[in-house]
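Trainee: Sharing a structure, written as structure tokens. Questions coming.
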Amino acid sequence: MKRFTHWSPRYLFSRVLLYGAAILFAVWVLAPLYLIALAAFSRRQAIYVYPKPLLPLDFSTDTMTFFVTSTGVLSSVSNSIIVALATIVLGLLLGAPAGYALARFQFRGRDLFQIALLVTKMFPIAILSIPLAVSFIQFGLYDTLLGVVLIHTAMALPFVVLVTRSVFFGVPHELEEAAMTLGCTRWQAFLRVALPLALPGLAAAAIFTFMISWNEVFAATILTVQNRTLPAQVLTQLNDSPIYYRYAGGFFMIAPALVFIFIIRRYLLNLWGPMGK
Amino acid sequence: MRSKLESALPFGLLFPSVAFLALLIVVPIGQAFLLAFQSETGDFSLSAFQRMVGDTAFNEAVRNTFLLLFAIVPLQIILALAMALVIHTRLRGQTFFLYIFAIPLAIADLAAGLVWLSIFTERGYLNSILHHLGWIQQPILFLSYQNPQGIFSAIVVAEAWRATAIVLVILVAGLQMIPRDYFEAAELFGAGTLKRTWYVVLPLLRPSLQTALIIRTLFAFQTFAVVFALAGRTLPVLAGEAYTWYYSNRNPAVAAAMAFLILLLSLAATIVYLRVLRVREEEVGR
């Protein structure tokens, strides 16, 4: 009986509609990515071709090679990686203890701190980077990677705290307490019990931090002249570069991001879910 | 002694991040205030704001920023809601589709602008597709400075593509917090899909919608790299002007004034959303 209703025309119709919609949305997301990859892996002269073929008939690494060997690109890529890695280290060193405290302790000012974190996420990046550029000149941090690391850490820190908080929430407190009754100090219990269990979540927080830093363009451009990160390099070359340079640059920025979001896909909902409890 | 140490522990753990955020967020905002409101002699002055408002691109930048906001945010909410509802019905490959839909989360705004540049430019993919279909003879100049509507639409599409994902993730997380019983009860009483969505899902989703609206609106005030990639300065926006004042015009004071304006707009928008979409305590999903 049940089976019969499940295969009624109406049910089938609604299923077809549902999968149709899901596939349509997937195409909407994926098609532009396919096209930029197509553009980035064509010959440079292909920009004059019109109408363009929609299949990779003309596959070539010419455009990408040109981009990677352009002045400043390779060093900007290594700058981007250095800045993102340093942001991860600094962000976790500063943020993970706070996340742990929020997950484990009830204390005065706990709610205030969490609200303050949400508020700091609200501040436009312009209002931080413009005055910082001015004061970084005084402190000798202007046009240094350290300066960019500092502002990227400030941007990522609220996320790191909130993510590590939910990570440590997921590690039962009882395990640490058990370790402590068995003679561990609090620090040993954390190091030997809580930390190993929290590692996958902390790795996800690290990757998320990497993405924030890798993608950030406004502050990185404002704070540097020579020591550009990749987005800053591409942005400042926009008007002076051939269009295939820009396609290659766009693709080059996107490619690692795709890998990263695949790795942390299980944590996506935690990162942006309601911050309530 | 030991218990005193214990009760100090959480504050010790919090201290590094509090100190860092104070140094790199609170202090700069104070400095931005000084930059924007101080004359060269150190007195209170509105001259930076006067210069900002007097600039020819200013009115246009304000107008464009708001027009983009009004065009993009509702589009994103509707699109994300549709995607979230599709994900939420138990279709096979749910997690796969969620991952696909969430991909743009990882994509930089600058990169997204460049992706859509390859599509909308004169010899780009959209014109090629239209040509292959035989719908056009000559390529359409979507991004020509003589075609402001074309540029505007291209930016709206690029932003809808890139930043719908964040709304989607917030809404999916919100939907998961609504107990299944609610839907099942509504179904039992004979409510169809549309009715269920309208009377059960949307009201319960209000806290998530509020969060999504606030986040998206604040980001919309900062829209900048997508616009630069697609239009350069043909279509000025607030954040882009802040960048130009600092980077090209070498005027940190006016740039800071611009940043202040963006901050004020962000605060105002947040307050409006909190008021209009007031979330009562019992509505916060559990």
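Note on naming: chains are A, B, ... as they come in the structure tokens, residues start from 1 per chain, ligands start from 1 in the order shown.
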Select all residues from chain B having any atom no more than 6 Å from an atom of chain A (counting only C-alpha atoms, ignoring ligands), output as a PyMOL selection string.
Mentor: chain B and resi 10+13-14+16-17+28+31-32+106-108+111+114-115+123+128+169-170+173+259
Trainee: Set the distance at 6 Å and use only C-alpha atoms: which residues neighbour segment 201-210 of chain B once local chain neighbours fewer than 2 positions away are removed? I'd like the list as a list in words.
Mentor: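 Returned residues: Leu171, Gly174, Thr197, Trp198, Ala212 and Leu213 of chain B.
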Trainee: If you measure from atom CA of Ile100 of chain B to atom CA of Gly124 of chain B, what distance in Å do you get, rounded to one decimal?
Mentor: 24.4 Å
Trainee: State, in Å with one decimal place, the distance from atom CA of Ala257 of chain B to atom CA of Met52 of chain B.
Mentor: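 The value is 7.4 Å.
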Trainee: Would you kindly return, as a list in words, each protein, DNA or RNA residue with an atom no farther than 10 Å from any atom of Glu122 of chain B, considering only C-alpha atoms and excluding same-chain residues fewer than 5 positions away?
Mentor: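 Residues meeting the cut-off are Tyr50 of chain A; Leu117, Asn127, Ser128, Gln138, Pro139, Ile140, Leu141, Phe142, Leu143 and Ser144 of chain B.
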Trainee: Export C-alpha atoms of the chosen residues as a PDB file, in the first residue's frame?
Mentor:
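Here's the written file part-v4.pdb:
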ATOM      1  CA  TYR A  50      35.063  34.564 -31.068  1.00  0.00           C
TER       2      TYR A  50
ATOM      3  CA  LEU B 117      34.691  38.832 -16.357  1.00  0.00           C
ATOM      4  CA  ASN B 127      28.302  36.114 -25.959  1.00  0.00           C
ATOM      5  CA  SER B 128      29.822  32.895 -27.327  1.00  0.00           C
ATOM      6  CA  GLN B 138      27.135  40.786 -32.911  1.00  0.00           C
ATOM      7  CA  PRO B 139      28.540  40.413 -29.383  1.00  0.00           C
ATOM      8  CA  ILE B 140      26.693  42.460 -26.759  1.00  0.00           C
ATOM      9  CA  LEU B 141      28.850  44.936 -24.833  1.00  0.00           C
ATOM     10  CA  PHE B 142      27.739  43.998 -21.307  1.00  0.00           C
ATOM     11  CA  LEU B 143      30.622  45.756 -19.582  1.00  0.00           C
ATOM     12  CA  SER B 144      30.992  48.882 -21.698  1.00  0.00           C
TER      13      SER B 144
END
Trainee: For each of A:Val225, A:Ala220, A:Leu202, A:Ala84, take the minimum atom-to-atom distance to Val167 of chain A, counting only C-alpha atoms, then give the residue where this is smallest.
Mentor: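 Among A:Val225, A:Ala220, A:Leu202, A:Ala84, it is A:Leu202 that comes nearest to Val167 of chain A.
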Trainee: Go ahead and compute the interatomic distance for atom CA of Phe11 of chain B and atom CA of Tyr267 of chain A, in Å to one decimal.
Mentor: 27.7 Å
Trainee: Which polymer residues have any atom within 12 Å of an atom of Ser45 of chain B, counting only C-alpha atoms, with same-chain residues fewer than 6 positions away left out, as a list in words?
Mentor: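 Result of the neighbour search: Phe33, Leu34, Leu35, Ala36, Phe37, Gln38, Ser39, Arg51, Ala253, Val254 and Ala257 of chain B.
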Trainee: If DSSP is run on the backbone, what residues of segment 23-235 of chain A are helix (DSSP H, G or I)? A reply as a count of residues only would be ideal.
Mentor: 167
Trainee: Please provide as an MDAnalysis selection string all residues within 12 Å of Val53 of chain B, with the sequence filter that same-chain residues fewer than 6 positions apart are discarded (counting only C-alpha atoms).
Mentor: chainID B and resid 46:47 59:62 238 241 254:255 257:258 261
